[in-house]
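Q: Input file: protein.pdb. Contents: PDB, C-alpha atoms and all ligand atoms.
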```
ATOM      1  CA  MET A  16     120.093  83.931 131.067  1.00  0.00           C
ATOM      2  CA  THR A  17     119.600  83.005 134.681  1.00  0.00           C
ATOM      3  CA  CYS A  18     118.540  79.800 136.317  1.00  0.00           C
ATOM      4  CA  GLY A  19     114.798  79.358 136.307  1.00  0.00           C
ATOM      5  CA  ASN A  20     114.980  77.628 139.654  1.00  0.00           C
ATOM      6  CA  CYS A  21     117.401  79.468 141.916  1.00  0.00           C
ATOM      7  CA  GLY A  22     118.127  82.587 139.872  1.00  0.00           C
ATOM      8  CA  ALA A  23     121.858  81.997 139.609  1.00  0.00           C
ATOM      9  CA  ALA A  24     123.679  82.563 136.381  1.00  0.00           C
ATOM     10  CA  ALA A  25     123.218  79.842 133.809  1.00  0.00           C
ATOM     11  CA  THR A  26     125.700  78.699 131.261  1.00  0.00           C
ATOM     12  CA  GLN A  27     124.806  77.754 127.736  1.00  0.00           C
ATOM     13  CA  GLY A  28     125.915  74.440 126.364  1.00  0.00           C
ATOM     14  CA  PRO A  29     126.982  73.761 122.818  1.00  0.00           C
ATOM     15  CA  ASP A  30     123.490  72.499 121.946  1.00  0.00           C
ATOM     16  CA  GLY A  31     121.890  75.766 122.997  1.00  0.00           C
ATOM     17  CA  SER A  32     120.478  74.515 126.271  1.00  0.00           C
ATOM     18  CA  TRP A  33     121.096  76.325 129.513  1.00  0.00           C
ATOM     19  CA  THR A  34     122.272  74.734 132.744  1.00  0.00           C
ATOM     20  CA  CYS A  35     122.419  76.318 136.170  1.00  0.00           C
ATOM     21  CA  SER A  36     126.000  77.137 137.149  1.00  0.00           C
ATOM     22  CA  ASN A  37     124.931  76.813 140.766  1.00  0.00           C
ATOM     23  CA  GLN A  38     124.362  73.126 140.112  1.00  0.00           C
ATOM     24  CA  CYS A  39     120.844  73.144 141.505  1.00  0.00           C
ATOM     25  CA  GLY A  40     119.833  70.762 138.794  1.00  0.00           C
ATOM     26  CA  TRP A  41     117.914  73.226 136.628  1.00  0.00           C
ATOM     27  CA  SER A  42     118.402  73.236 132.927  1.00  0.00           C
ATOM     28  CA  SER A  43     116.427  74.594 130.057  1.00  0.00           C
ATOM     29  CA  THR A  44     115.629  72.741 126.926  1.00  0.00           C
ATOM     30  CA  ALA A  45     117.366  73.854 123.796  1.00  0.00           C
ATOM     31  CA  PRO A  46     115.428  76.599 122.083  1.00  0.00           C
ATOM     32  CA  GLY A  47     113.522  75.479 119.040  1.00  0.00           C
ATOM     33  CA  PRO A  48     114.124  76.900 115.625  1.00  0.00           C
ATOM     34  CA  ALA A  49     112.976  80.460 115.258  1.00  0.00           C
ATOM     35  CA  LEU A  50     109.647  80.806 113.555  1.00  0.00           C
ATOM     36  CA  THR A  51     110.239  82.553 110.301  1.00  0.00           C
ATOM     37  CA  PRO A  52     107.268  84.059 108.564  1.00  0.00           C
ATOM     38  CA  GLU A  53     106.324  82.567 105.261  1.00  0.00           C
ATOM     39  CA  ILE A  54     106.913  85.070 102.496  1.00  0.00           C
ATOM     40  CA  THR A  55     104.609  84.668  99.551  1.00  0.00           C
ATOM     41  CA  THR A  56     103.990  86.602  96.392  1.00  0.00           C
ATOM     42  CA  THR A  57     100.752  87.467  94.682  1.00  0.00           C
ATOM     43  CA  ARG A  58      99.271  89.929  92.258  1.00  0.00           C
ATOM     44  CA  CYS A  59      97.607  93.001  93.637  1.00  0.00           C
ATOM     45  CA  ARG A  60      93.903  92.911  92.955  1.00  0.00           C
ATOM     46  CA  GLY A  61      93.861  96.660  92.693  1.00  0.00           C
ATOM     47  CA  CYS A  62      96.665  97.497  90.269  1.00  0.00           C
ATOM     48  CA  ASP A  63      98.050  94.061  89.291  1.00  0.00           C
ATOM     49  CA  ALA A  64     101.489  94.817  90.645  1.00  0.00           C
ATOM     50  CA  GLU A  65     103.521  91.971  92.101  1.00  0.00           C
ATOM     51  CA  ILE A  66     103.487  92.274  95.866  1.00  0.00           C
ATOM     52  CA  HIS A  67     104.996  90.233  98.653  1.00  0.00           C
ATOM     53  CA  GLY A  68     103.215  89.235 101.801  1.00  0.00           C
ATOM     54  CA  LEU A  69     103.768  87.403 105.038  1.00  0.00           C
ATOM     55  CA  ASN A  70     101.681  84.358 105.851  1.00  0.00           C
ATOM     56  CA  GLY A  71      99.139  85.134 103.179  1.00  0.00           C
ATOM     57  CA  ARG A  72      98.681  88.760 104.170  1.00  0.00           C
ATOM     58  CA  TYR A  73      99.244  91.293 101.442  1.00  0.00           C
ATOM     59  CA  ALA A  74      99.253  95.052 101.271  1.00  0.00           C
ATOM     60  CA  CYS A  75     100.054  96.953  98.091  1.00  0.00           C
ATOM     61  CA  GLY A  76     102.181 100.039  98.532  1.00  0.00           C
ATOM     62  CA  LEU A  77     101.210 101.358  95.105  1.00  0.00           C
ATOM     63  CA  CYS A  78      97.439 101.510  95.265  1.00  0.00           C
ATOM     64  CA  GLY A  79      96.785 100.774  98.914  1.00  0.00           C
ATOM     65  CA  TRP A  80      94.972  97.504  98.340  1.00  0.00           C
ATOM     66  CA  SER A  81      95.221  94.906 101.054  1.00  0.00           C
ATOM     67  CA  ASN A  82      93.522  91.598 101.420  1.00  0.00           C
ATOM     68  CA  HIS A  83      91.324  90.732 104.325  1.00  0.00           C
ATOM     69  CA  TRP A  84      93.153  89.360 107.325  1.00  0.00           C
ATOM     70  CA  ASP A  85      90.905  86.319 107.206  1.00  0.00           C
ATOM     71  CA  GLU A  86      92.589  85.325 103.958  1.00  0.00           C
ATOM     72  CA  GLY A  87      95.874  84.942 105.788  1.00  0.00           C
ATOM     73  CA  HIS A  88      97.207  81.564 106.697  1.00  0.00           C
ATOM     74  CA  GLN A  89      96.856  82.337 110.362  1.00  0.00           C
ATOM     75  CA  PRO A  90      94.870  84.834 112.406  1.00  0.00           C
ATOM     76  CA  LEU A  91      96.472  88.034 113.526  1.00  0.00           C
ATOM     77  CA  PRO A  92      97.911  87.764 117.036  1.00  0.00           C
ATOM     78  CA  ALA A  93      95.980  90.779 118.236  1.00  0.00           C
ATOM     79  CA  ALA A  94      92.701  90.198 116.450  1.00  0.00           C
ATOM     80  CA  GLY A  95      90.338  92.025 118.734  1.00  0.00           C
ATOM     81  CA  ASN A  96      86.977  91.069 117.295  1.00  0.00           C
ATOM     82  CA  PRO A  97      85.961  87.516 116.535  1.00  0.00           C
ATOM     83  CA  PRO A  98      85.215  86.908 112.894  1.00  0.00           C
ATOM     84  CA  ARG A  99      81.633  87.388 111.954  1.00  0.00           C
ATOM     85  CA  GLY A 100      79.967  84.012 111.663  1.00  0.00           C
ATOM     86  CA  THR A 101      78.587  83.198 108.276  1.00  0.00           C
ATOM     87  CA  ASN A 102      76.657  80.118 109.336  1.00  0.00           C
ATOM     88  CA  SER A 103      74.916  81.107 112.510  1.00  0.00           C
ATOM     89  CA  LEU A 104      73.428  78.257 114.459  1.00  0.00           C
ATOM     90  CA  HIS A 105      70.928  80.581 116.164  1.00  0.00           C
TER      91      HIS A 105
HETATM   92 ZN    ZN B 201     119.799  77.051 139.799  1.00  0.00          ZN
HETATM   93 ZN    ZN B 202      98.100  97.706  93.976  1.00  0.00          ZN
END
```
Starting from the file, give its structure as structure tokens.
Ligand SMILES: [Zn+2]
Ligand SMILES: [Zn+2]
A:
Amino acid sequence: MTCGNCGAAATQGPDGSWTCSNQCGWSSTAPGPALTPEITTTRCRGCDAEIHGLNGRYACGLCGWSNHWDEGHQPLPAAGNPPRGTNSLH
């Protein structure tokens, strides 16, 4: 980690925040808790096996079934196409 202001080396404090060792006054806020994906379990709709998924997304390794990404709790980060509107307002 380097200072975000002057580029000098930064030292990490006990609370996880970083402070410039060059004493330019820069300091970073302590990093927040890492986002851990929510692991959920459901029944495969193809073969009824118990499968685990992340954030509501499931894919069965036995029969190849997977649910639609739109059923997930959050959109995929790299969703290229916008979801097709079901209630078009013309
Ligand atoms: Zn600095
Ligand atoms: Zn299956």
Q: Could you list, as a VMD selection string, every residue within 12 Å of Cys62 in chain A, counting only C-alpha atoms and ignoring same-chain residues fewer than 6 positions away?
A: chain A and resid 74 to 81
Q: Any idea what's packed within 12 Å of Ala24 in chain A, counting all atoms listed in the file, ignoring anything in its chain fewer than 2 positions away? Could you give it as a compact mmCIF listing (two decimals) with C-alpha atoms, in the frame of the given file?
A:
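Wrote it out as around_13.txt, contents follow:
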```
# COMPACT_ATOMS: atom_id res chain seq x y z
CA MET A 16 120.09 83.93 131.07
CA THR A 17 119.60 83.00 134.68
CA CYS A 18 118.54 79.80 136.32
CA GLY A 19 114.80 79.36 136.31
CA ASN A 20 114.98 77.63 139.65
CA CYS A 21 117.40 79.47 141.92
CA GLY A 22 118.13 82.59 139.87
CA THR A 26 125.70 78.70 131.26
CA GLN A 27 124.81 77.75 127.74
CA TRP A 33 121.10 76.32 129.51
CA THR A 34 122.27 74.73 132.74
CA CYS A 35 122.42 76.32 136.17
CA SER A 36 126.00 77.14 137.15
CA ASN A 37 124.93 76.81 140.77
CA GLN A 38 124.36 73.13 140.11
CA CYS A 39 120.84 73.14 141.50
CA TRP A 41 117.91 73.23 136.63
CA SER A 42 118.40 73.24 132.93
```
Q: For ligand ZN 201 (chain B), which of A:Asn82, A:Thr57, A:Thr51, A:Ser43 is the closest residue, counting all atoms listed in the file?
A: A:Ser43
Q: Which residue out of A:Ala25, A:Leu50, A:Cys59, A:Ile66 has the minimum interatomic distance to ligand ZN 202 (chain B) when all atoms listed in the file are used?
A: A:Cys59
Q: Quick one: everything within 12 Å of Ile54 in chain A, counting only C-alpha atoms, minus sequence neighbours fewer than 3 positions away in the same chain. Send it as a PyMOL selection string.
A: chain A and resi 51+57+66-73+87-88
Q: Quick one: pull the distance between CA of Arg60 in chain A and atom ZN of ligand ZN 202 (chain B), Å, one decimal.
A: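 Between CA of Arg60 in chain A and atom ZN of ligand ZN 202 (chain B) the gap is 6.5 Å.
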Q: Looking at all atoms listed in the file, which of A:Glu53, A:His83, A:Gly61, A:Ala23 is the one that sits closest to ligand ZN 201 (chain B)?
A: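 Closest to ligand ZN 201 (chain B) of all the choices is A:Ala23.
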Q: Enclose the full set of atoms of range 30-38 of chain A listed in the file within a box whose edges lie along x, y and z, apply 5 Å of padding to each of the six sides, and report centre and edge lengths in Å to one decimal as lines of an AutoDock Vina configuration file.
A:
```
center_x = 123.2
center_y = 74.8
center_z = 131.4
size_x = 15.5
size_y = 14.6
size_z = 28.8
```
